[in-house]
Every structure is written in C-alpha cells, then in structure tokens.
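A.B. asks: Data: data-v1.csv, CSV, N, CA, C and O atoms.
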chain,number,residue,atom,x,y,z
A,4,MET,N,65.9,74.7,125.1
A,4,MET,CA,66.8,74.8,124.0
A,4,MET,C,68.2,74.8,124.5
A,4,MET,O,69.1,74.2,123.9
A,5,ASP,N,68.5,75.5,125.6
A,5,ASP,CA,69.8,75.6,126.2
A,5,ASP,C,70.3,74.2,126.6
A,5,ASP,O,71.5,73.9,126.5
A,6,SER,N,69.4,73.4,127.2
A,6,SER,CA,69.8,72.1,127.6
A,6,SER,C,70.2,71.2,126.5
A,6,SER,O,71.1,70.3,126.6
A,7,LYS,N,69.6,71.3,125.3
A,7,LYS,CA,70.0,70.5,124.1
A,7,LYS,C,71.4,70.9,123.7
A,7,LYS,O,72.2,70.1,123.3
A,8,ILE,N,71.7,72.2,123.7
A,8,ILE,CA,73.0,72.7,123.3
A,8,ILE,C,74.1,72.2,124.3
A,8,ILE,O,75.1,71.7,123.8
A,9,ILE,N,73.8,72.3,125.5
A,9,ILE,CA,74.7,71.8,126.5
A,9,ILE,C,75.0,70.3,126.4
A,9,ILE,O,76.1,69.8,126.5
A,10,HIS,N,73.9,69.5,126.2
A,10,HIS,CA,74.0,68.1,126.0
A,10,HIS,C,74.8,67.8,124.8
A,10,HIS,O,75.7,66.9,124.8
A,11,ALA,N,74.6,68.4,123.7
A,11,ALA,CA,75.4,68.2,122.5
A,11,ALA,C,76.8,68.6,122.7
A,11,ALA,O,77.7,67.8,122.2
A,12,ALA,N,77.1,69.6,123.4
A,12,ALA,CA,78.5,70.0,123.7
A,12,ALA,C,79.2,69.0,124.5
A,12,ALA,O,80.3,68.6,124.3
A,13,CYS,N,78.5,68.4,125.5
A,13,CYS,CA,79.0,67.4,126.4
A,13,CYS,C,79.3,66.1,125.6
A,13,CYS,O,80.4,65.5,125.7
A,14,ILE,N,78.4,65.8,124.6
A,14,ILE,CA,78.7,64.6,123.8
A,14,ILE,C,79.9,64.8,122.9
A,14,ILE,O,80.7,63.9,122.8
A,15,ARG,N,80.0,66.0,122.3
A,15,ARG,CA,81.2,66.3,121.4
A,15,ARG,C,82.5,66.2,122.2
A,15,ARG,O,83.5,65.7,121.8
A,16,THR,N,82.4,66.8,123.4
A,16,THR,CA,83.6,66.7,124.3
A,16,THR,C,84.0,65.3,124.7
A,16,THR,O,85.2,64.9,124.6
A,17,THR,N,83.0,64.5,125.0
A,17,THR,CA,83.3,63.1,125.3
A,17,THR,C,83.9,62.4,124.2
A,17,THR,O,84.8,61.6,124.3
A,18,VAL,N,83.3,62.6,123.0
A,18,VAL,CA,83.8,61.9,121.8
A,18,VAL,C,85.2,62.3,121.5
A,18,VAL,O,86.1,61.5,121.1
A,19,THR,N,85.5,63.6,121.7
A,19,THR,CA,86.9,64.1,121.4
A,19,THR,C,87.9,63.5,122.4
A,19,THR,O,89.0,63.0,122.0
A,20,VAL,N,87.5,63.4,123.7
A,20,VAL,CA,88.4,62.8,124.7
A,20,VAL,C,88.6,61.3,124.4
A,20,VAL,O,89.8,60.8,124.4
A,21,ILE,N,87.6,60.6,124.0
A,21,ILE,CA,87.8,59.2,123.6
A,21,ILE,C,88.7,59.0,122.4
A,21,ILE,O,89.5,58.2,122.4
A,22,ALA,N,88.5,59.9,121.4
A,22,ALA,CA,89.3,59.8,120.2
A,22,ALA,C,90.8,60.1,120.5
A,22,ALA,O,91.7,59.4,120.0
A,23,ILE,N,91.0,61.0,121.4
A,23,ILE,CA,92.4,61.3,121.8
A,23,ILE,C,93.0,60.1,122.5
A,23,ILE,O,94.2,59.8,122.3
A,24,TRP,N,92.3,59.5,123.4
A,24,TRP,CA,92.8,58.4,124.2
A,24,TRP,C,93.1,57.2,123.2
A,24,TRP,O,94.1,56.5,123.4
A,25,VAL,N,92.2,57.0,122.2
A,25,VAL,CA,92.4,55.9,121.3
A,25,VAL,C,93.7,56.2,120.5
A,25,VAL,O,94.5,55.3,120.3
A,26,ALA,N,93.9,57.4,120.1
A,26,ALA,CA,95.1,57.8,119.3
A,26,ALA,C,96.4,57.6,120.2
A,26,ALA,O,97.4,57.1,119.7
A,27,ILE,N,96.3,57.9,121.5
A,27,ILE,CA,97.5,57.7,122.4
A,27,ILE,C,97.8,56.3,122.5
A,27,ILE,O,98.9,55.8,122.5
A,28,ILE,N,96.7,55.5,122.7
A,28,ILE,CA,96.9,54.0,122.9
A,28,ILE,C,97.5,53.4,121.6
A,28,ILE,O,98.5,52.6,121.7
A,29,LYS,N,97.1,53.8,120.5
A,29,LYS,CA,97.6,53.3,119.2
A,29,LYS,C,99.1,53.7,119.1
A,29,LYS,O,99.9,52.9,118.7
A,30,GLN,N,99.4,54.9,119.4
A,30,GLN,CA,100.8,55.4,119.3
A,30,GLN,C,101.7,54.6,120.3
A,30,GLN,O,102.8,54.2,119.9
A,31,GLU,N,101.2,54.3,121.5
A,31,GLU,CA,102.0,53.5,122.4
A,31,GLU,C,102.2,52.1,122.0
A,31,GLU,O,103.3,51.5,122.2
A,32,ARG,N,101.2,51.5,121.3
A,32,ARG,CA,101.3,50.1,120.9
A,32,ARG,C,102.3,50.0,119.7
A,32,ARG,O,103.0,49.0,119.5
A,33,ASN,N,102.4,51.1,118.9
A,33,ASN,CA,103.3,51.1,117.7
A,33,ASN,C,104.8,51.5,118.1
A,33,ASN,O,105.6,51.5,117.2
A,34,ARG,N,105.0,51.9,119.3
A,34,ARG,CA,106.3,52.4,119.7
A,34,ARG,C,107.3,51.2,119.7
A,34,ARG,O,107.0,50.1,120.2
A,35,ILE,N,108.5,51.5,119.2
A,35,ILE,CA,109.5,50.5,119.2
A,35,ILE,C,110.3,50.6,120.5
A,35,ILE,O,110.9,51.7,120.8
A,36,TYR,N,110.4,49.5,121.2
A,36,TYR,CA,111.1,49.5,122.4
A,36,TYR,C,112.5,48.9,122.2
A,36,TYR,O,112.6,47.8,121.6
A,37,ILE,N,113.5,49.6,122.6
A,37,ILE,CA,114.9,49.1,122.5
A,37,ILE,C,115.2,48.3,123.8
A,37,ILE,O,115.2,48.9,124.9
A,38,PRO,N,115.5,47.1,123.7
A,38,PRO,CA,115.8,46.3,124.9
A,38,PRO,C,117.1,46.8,125.5
A,38,PRO,O,118.1,47.1,124.8
A,39,ARG,N,117.2,46.8,126.8
A,39,ARG,CA,118.4,47.2,127.5
A,39,ARG,C,119.3,46.0,127.6
A,39,ARG,O,118.9,44.9,127.8
A,40,GLU,N,120.6,46.3,127.3
A,40,GLU,CA,121.6,45.3,127.3
A,40,GLU,C,122.1,45.1,128.7
A,40,GLU,O,122.2,46.1,129.5
A,41,PRO,N,122.4,43.9,129.1
A,41,PRO,CA,123.0,43.7,130.5
A,41,PRO,C,124.3,44.4,130.6
A,41,PRO,O,125.1,44.4,129.7
A,42,ARG,N,124.5,44.9,131.8
A,42,ARG,CA,125.8,45.6,132.0
A,42,ARG,C,126.8,44.6,132.5
A,42,ARG,O,126.5,43.8,133.5
A,43,ILE,N,128.0,44.6,131.9
A,43,ILE,CA,129.0,43.7,132.3
A,43,ILE,C,130.2,44.5,132.8
A,43,ILE,O,130.6,45.5,132.2
A,44,ASN,N,130.7,44.1,134.0
A,44,ASN,CA,131.8,44.7,134.6
A,44,ASN,C,131.6,46.2,134.9
A,44,ASN,O,132.4,47.0,134.6
A,45,THR,N,130.5,46.5,135.5
A,45,THR,CA,130.2,47.9,135.8
A,45,THR,C,131.1,48.5,136.8
A,45,THR,O,131.4,49.7,136.8
A,46,ILE,N,131.6,47.7,137.8
A,46,ILE,CA,132.5,48.3,138.8
A,46,ILE,C,133.8,48.7,138.1
A,46,ILE,O,134.3,49.8,138.4
A,47,ALA,N,134.3,48.0,137.2
A,47,ALA,CA,135.5,48.4,136.6
A,47,ALA,C,135.3,49.6,135.7
A,47,ALA,O,136.2,50.5,135.6
A,48,GLN,N,134.2,49.6,135.0
A,48,GLN,CA,133.8,50.8,134.2
A,48,GLN,C,133.7,52.1,135.0
A,48,GLN,O,134.2,53.1,134.7
A,49,ARG,N,133.1,51.9,136.2
A,49,ARG,CA,132.9,53.1,137.1
A,49,ARG,C,134.3,53.6,137.6
A,49,ARG,O,134.5,54.8,137.6
A,50,GLU,N,135.1,52.6,138.0
A,50,GLU,CA,136.4,53.0,138.5
A,50,GLU,C,137.3,53.7,137.4
A,50,GLU,O,137.9,54.7,137.7
A,51,PHE,N,137.2,53.2,136.2
A,51,PHE,CA,137.9,53.8,135.1
A,51,PHE,C,137.4,55.2,134.8
A,51,PHE,O,138.2,56.1,134.6
A,52,TYR,N,136.1,55.4,134.9
A,52,TYR,CA,135.5,56.7,134.6
A,52,TYR,C,135.9,57.7,135.7
A,52,TYR,O,136.4,58.8,135.4
A,53,ILE,N,135.9,57.3,137.0
A,53,ILE,CA,136.3,58.2,138.0
A,53,ILE,C,137.8,58.5,138.0
A,53,ILE,O,138.2,59.7,138.1
A,54,ASP,N,138.6,57.5,137.8
A,54,ASP,CA,140.0,57.7,137.6
A,54,ASP,C,140.3,58.6,136.5
A,54,ASP,O,141.2,59.5,136.6
A,55,ASN,N,139.6,58.5,135.4
A,55,ASN,CA,139.8,59.3,134.2
A,55,ASN,C,139.5,60.8,134.6
A,55,ASN,O,140.3,61.7,134.2
A,56,ILE,N,138.5,61.0,135.3
A,56,ILE,CA,138.1,62.4,135.7
A,56,ILE,C,139.1,63.0,136.6
A,56,ILE,O,139.6,64.1,136.5
A,57,LEU,N,139.5,62.2,137.6
A,57,LEU,CA,140.4,62.7,138.7
A,57,LEU,C,141.8,62.8,138.3
A,57,LEU,O,142.6,63.7,138.8
A,58,ASN,N,142.3,62.0,137.3
A,58,ASN,CA,143.7,62.0,137.0
A,58,ASN,C,144.1,62.8,135.7
A,58,ASN,O,145.3,62.8,135.3
A,59,ARG,N,143.1,63.4,135.1
A,59,ARG,CA,143.5,64.1,133.8
A,59,ARG,C,143.8,65.6,134.1
A,59,ARG,O,144.0,66.3,133.2
A,60,GLY,N,143.8,66.0,135.3
A,60,GLY,CA,144.2,67.3,135.7
A,60,GLY,C,143.0,68.1,136.3
A,60,GLY,O,141.8,67.7,136.2
A,61,ASP,N,143.4,69.2,137.0
A,61,ASP,CA,142.4,69.9,137.8
A,61,ASP,C,141.3,70.5,136.9
A,61,ASP,O,140.2,70.5,137.2
A,62,ARG,N,141.8,71.1,135.7
A,62,ARG,CA,140.8,71.7,134.8
A,62,ARG,C,139.8,70.8,134.3
A,62,ARG,O,138.6,71.1,134.3
A,63,HIS,N,140.2,69.6,133.9
A,63,HIS,CA,139.2,68.6,133.4
A,63,HIS,C,138.3,68.2,134.5
A,63,HIS,O,137.1,68.0,134.3
A,64,CYS,N,138.8,68.0,135.7
A,64,CYS,CA,138.0,67.6,136.8
A,64,CYS,C,137.0,68.6,137.2
A,64,CYS,O,135.8,68.3,137.4
A,65,VAL,N,137.4,69.9,137.2
A,65,VAL,CA,136.4,71.0,137.4
A,65,VAL,C,135.3,71.1,136.3
A,65,VAL,O,134.2,71.3,136.6
A,66,GLU,N,135.7,70.8,135.1
A,66,GLU,CA,134.8,70.8,134.0
A,66,GLU,C,133.7,69.7,134.1
A,66,GLU,O,132.6,69.8,133.8
A,67,GLN,N,134.2,68.6,134.7
A,67,GLN,CA,133.3,67.4,134.8
A,67,GLN,C,132.4,67.4,136.0
A,67,GLN,O,131.2,67.1,136.0
A,68,ILE,N,133.0,67.7,137.2
A,68,ILE,CA,132.3,67.5,138.4
A,68,ILE,C,132.2,68.8,139.3
A,68,ILE,O,131.8,68.9,140.4
A,69,ARG,N,132.7,69.9,138.7
A,69,ARG,CA,132.7,71.3,139.3
A,69,ARG,C,133.4,71.4,140.6
A,69,ARG,O,133.1,72.2,141.4
A,70,MET,N,134.5,70.6,140.7
A,70,MET,CA,135.4,70.8,141.9
A,70,MET,C,136.7,70.1,141.6
A,70,MET,O,136.8,69.2,140.8
A,71,LYS,N,137.7,70.6,142.3
A,71,LYS,CA,139.1,70.0,142.1
A,71,LYS,C,139.1,68.7,142.8
A,71,LYS,O,138.3,68.4,143.8
A,72,PRO,N,140.0,67.8,142.4
A,72,PRO,CA,140.1,66.5,143.1
A,72,PRO,C,140.4,66.6,144.6
A,72,PRO,O,139.8,65.8,145.4
A,73,VAL,N,141.2,67.6,145.0
A,73,VAL,CA,141.5,67.7,146.4
A,73,VAL,C,140.2,68.0,147.2
A,73,VAL,O,140.0,67.4,148.3
A,74,VAL,N,139.3,68.8,146.6
A,74,VAL,CA,138.1,69.2,147.3
A,74,VAL,C,137.2,67.9,147.3
A,74,VAL,O,136.5,67.7,148.4
A,75,LEU,N,137.2,67.2,146.3
A,75,LEU,CA,136.3,65.9,146.3
A,75,LEU,C,136.8,65.0,147.3
A,75,LEU,O,136.0,64.4,148.1
A,76,TYR,N,138.1,64.8,147.5
A,76,TYR,CA,138.7,63.9,148.5
A,76,TYR,C,138.3,64.4,149.9
A,76,TYR,O,138.0,63.6,150.8
A,77,ARG,N,138.4,65.7,150.1
A,77,ARG,CA,138.0,66.2,151.4
A,77,ARG,C,136.5,66.0,151.7
A,77,ARG,O,136.1,65.6,152.8
A,78,LEU,N,135.7,66.2,150.7
A,78,LEU,CA,134.3,65.9,150.8
A,78,LEU,C,134.0,64.5,151.2
A,78,LEU,O,133.2,64.2,152.1
A,79,CYS,N,134.7,63.6,150.5
A,79,CYS,CA,134.5,62.1,150.8
A,79,CYS,C,135.0,61.8,152.2
A,79,CYS,O,134.3,61.1,152.9
A,80,ASP,N,136.1,62.5,152.7
A,80,ASP,CA,136.5,62.3,154.1
A,80,ASP,C,135.5,62.7,155.1
A,80,ASP,O,135.2,62.1,156.1
A,81,VAL,N,134.9,63.9,154.8
A,81,VAL,CA,133.9,64.5,155.7
A,81,VAL,C,132.6,63.5,155.7
A,81,VAL,O,132.1,63.2,156.8
A,82,LEU,N,132.2,63.1,154.6
A,82,LEU,CA,131.0,62.3,154.5
A,82,LEU,C,131.3,60.9,155.2
A,82,LEU,O,130.4,60.3,155.8
A,83,THR,N,132.5,60.4,155.0
A,83,THR,CA,132.8,59.1,155.6
A,83,THR,C,132.9,59.2,157.1
A,83,THR,O,132.4,58.4,157.8
A,84,SER,N,133.5,60.3,157.6
A,84,SER,CA,133.6,60.5,159.0
A,84,SER,C,132.3,60.7,159.7
A,84,SER,O,132.1,60.3,160.9
A,85,ARG,N,131.3,61.2,159.0
A,85,ARG,CA,129.9,61.3,159.6
A,85,ARG,C,129.0,60.1,159.3
A,85,ARG,O,127.8,60.2,159.4
A,86,ASP,N,129.6,59.1,158.8
A,86,ASP,CA,128.8,57.9,158.4
A,86,ASP,C,127.7,58.1,157.4
A,86,ASP,O,126.7,57.5,157.4
A,87,LEU,N,128.0,59.1,156.5
A,87,LEU,CA,127.1,59.3,155.4
A,87,LEU,C,127.5,58.7,154.1
A,87,LEU,O,126.8,58.7,153.1
A,88,LEU,N,128.7,58.1,154.1
A,88,LEU,CA,129.3,57.5,153.0
A,88,LEU,C,130.2,56.4,153.4
A,88,LEU,O,130.9,56.5,154.4
A,89,ARG,N,130.1,55.2,152.8
A,89,ARG,CA,130.9,54.1,153.1
A,89,ARG,C,132.1,54.0,152.2
A,89,ARG,O,132.0,54.2,150.9
A,90,SER,N,133.3,53.7,152.7
A,90,SER,CA,134.5,53.6,151.8
A,90,SER,C,134.4,52.3,151.1
A,90,SER,O,134.2,51.2,151.7
A,91,THR,N,134.6,52.3,149.8
A,91,THR,CA,134.5,51.1,149.0
A,91,THR,C,135.8,50.9,148.2
A,91,THR,O,136.6,51.8,148.1
In structure tokens, how does this file's structure come out?

C.D. replies:
Amino acid sequence: MDSKIIHAACIRTTVTVIAIWVAIIKQERNRIYIPREPRINTIAQREFYIDNILNRGDRHCVEQIRMKPVVLYRLCDVLTSRDLLRST
C-alpha cells in the first residue's frame, strides 16, 4: 500500500514540474523584446558625462562618484604609473 502512495506522489510531483516548465516556456515565448539601438558617438557622450561630473563642482562630483575631482585625478595618476590604467 505504501509503494502505491509513493508512486502516486511521484507522478503528481512530476506532472507539477512539467506543468511549471510549460508555463515558464509559454511566458518566455510571449515576452516582448525591445531591440537595442546602436550607440552613436559613445566616446563623445562618455567625455561629456565625465566632464559634466568633474566640472560642476566638488559637491556634485562627490554625490556622483563619491570623491572629489582632485582625488579622482590622483587615483588616475597612481593607476597610470603602475600600468593599471592607460591614458586615453
């Protein structure tokens, strides 16, 4: 009698797992994917962003990157001198 109960429980568990996987697959197929747009002029955008952070004042810089511009420049110098960062 116990083996019949265990067998039935195993079958119910298997059916439940299969049903969950079917639901996940259906959900993934119905997901709307937003295509990524190509990035144009990323170097200029990056330079503008960094300049904006560094040149708006110490307080703004600390709010954005958690350090003053002077400290960031020193960090860049240290990393560059140890060949951990290339100057671009």

A.B. asks: Report the distance between atom O of A:Val74 and atom O of A:Asp61 in Å, rounded to one decimal place.

C.D. replies: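 Between these atoms lies a distance of 12.1 Å.
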
A.B. asks: Could you find all residues in chain A that DSSP calls alpha helix (DSSP H) from the backbone, and write them as a ChimeraX atom specification?

C.D. replies: /A:5-33,45-58,61-68,72-84

A.B. asks: Separation of atom O of A:His10 and atom N of A:Val25, in Å?

C.D. replies: 19.4 Å

A.B. asks: Provide the atom N of A:Thr19 to atom O of A:Lys7 distance in Å, to one decimal place.

C.D. replies: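 Atom-to-atom, atom N of A:Thr19 and atom O of A:Lys7 are spaced 14.9 Å apart.
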
A.B. asks: With only C-alpha atoms as the basis for distance, which of A:Gln30, A:Thr17, A:Asn55, A:Ser6 is at the shortest distance from A:Pro72?

C.D. replies: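 Closest to A:Pro72 of all the choices is A:Asn55.
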
A.B. asks: Given the choices A:Leu57, A:Cys13, A:Val20, A:Ile43, which gets closest to A:Tyr76 if the distance is worked out from only C-alpha atoms?

C.D. replies: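 Selected residue with least distance to A:Tyr76: A:Leu57.
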
A.B. asks: Take the structure in the block and write a file for stretch 7-85 of chain A, C-alpha atoms, as a compact mmCIF listing (two decimals), in the first residue's frame.

C.D. replies:
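File written: result_23.txt
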# COMPACT_ATOMS: atom_id res chain seq x y z
CA LYS A 7 1.29 2.84 -4.36
CA ILE A 8 1.08 6.09 -2.36
CA ILE A 9 4.73 6.88 -3.02
CA HIS A 10 4.30 6.09 -6.72
CA ALA A 11 1.23 8.35 -6.96
CA ALA A 12 3.06 11.16 -5.14
CA CYS A 13 6.00 10.85 -7.55
CA ILE A 14 3.66 11.01 -10.54
CA ARG A 15 1.90 14.11 -9.13
CA THR A 16 5.23 15.80 -8.49
CA THR A 17 6.44 15.01 -11.99
CA VAL A 18 3.25 16.36 -13.55
CA THR A 19 3.52 19.53 -11.46
CA VAL A 20 7.13 20.11 -12.50
CA ILE A 21 6.26 19.59 -16.17
CA ALA A 22 3.31 21.98 -15.89
CA ILE A 23 5.52 24.66 -14.32
CA TRP A 24 8.11 24.29 -17.09
CA VAL A 25 5.41 24.54 -19.77
CA ALA A 26 4.12 27.74 -18.12
CA ILE A 27 7.64 29.22 -17.99
CA ILE A 28 8.29 28.41 -21.64
CA LYS A 29 4.96 29.95 -22.70
CA GLN A 30 5.73 33.08 -20.71
CA GLU A 31 9.19 33.41 -22.31
CA ARG A 32 7.75 32.99 -25.81
CA ASN A 33 5.19 35.75 -25.17
CA ARG A 34 7.76 38.19 -23.76
CA ILE A 35 8.22 41.32 -25.81
CA TYR A 36 11.85 42.01 -26.52
CA ILE A 37 12.90 45.59 -27.06
CA PRO A 38 15.66 45.76 -29.64
CA ARG A 39 18.80 47.60 -28.63
CA GLU A 40 19.55 50.68 -30.65
CA PRO A 41 23.06 51.13 -31.97
CA ARG A 42 25.16 53.55 -29.99
CA ILE A 43 26.37 56.50 -31.97
CA ASN A 44 29.23 58.70 -30.82
CA THR A 45 29.73 56.92 -27.49
CA ILE A 46 33.17 58.43 -26.95
CA ALA A 47 31.80 61.96 -27.12
CA GLN A 48 28.89 61.04 -24.83
CA ARG A 49 31.27 59.50 -22.31
CA GLU A 50 33.54 62.55 -22.36
CA PHE A 51 30.56 64.88 -21.93
CA TYR A 52 29.29 62.81 -18.99
CA ILE A 53 32.66 62.76 -17.20
CA ASP A 54 33.27 66.47 -17.86
CA ASN A 55 29.81 67.23 -16.52
CA ILE A 56 30.54 65.34 -13.30
CA LEU A 57 34.00 66.79 -12.77
CA ASN A 58 33.27 70.41 -13.70
CA ARG A 59 30.00 71.07 -11.86
CA GLY A 60 31.69 71.42 -8.52
CA ASP A 61 33.09 69.30 -5.72
CA ARG A 62 29.71 68.62 -4.12
CA HIS A 63 28.16 67.31 -7.33
CA CYS A 64 31.23 65.19 -8.03
CA VAL A 65 31.12 63.66 -4.54
CA GLU A 66 27.40 62.92 -4.96
CA GLN A 67 28.04 61.14 -8.26
CA ILE A 68 31.31 59.25 -7.76
CA ARG A 69 31.90 59.59 -4.01
CA MET A 70 35.17 61.50 -4.35
CA LYS A 71 36.38 64.99 -5.18
CA PRO A 72 37.87 65.62 -8.62
CA VAL A 73 41.35 66.12 -7.13
CA VAL A 74 41.20 62.67 -5.55
CA LEU A 75 39.99 61.12 -8.81
CA TYR A 76 42.90 62.70 -10.72
CA ARG A 77 45.37 61.41 -8.11
CA LEU A 78 43.84 57.94 -8.35
CA CYS A 79 44.19 58.05 -12.15
CA ASP A 80 47.84 59.12 -11.80
CA VAL A 81 48.59 56.25 -9.40
CA LEU A 82 46.86 53.68 -11.61
CA THR A 83 48.61 55.02 -14.70
CA SER A 84 52.03 54.97 -13.04
CA ARG A 85 51.54 51.32 -12.07
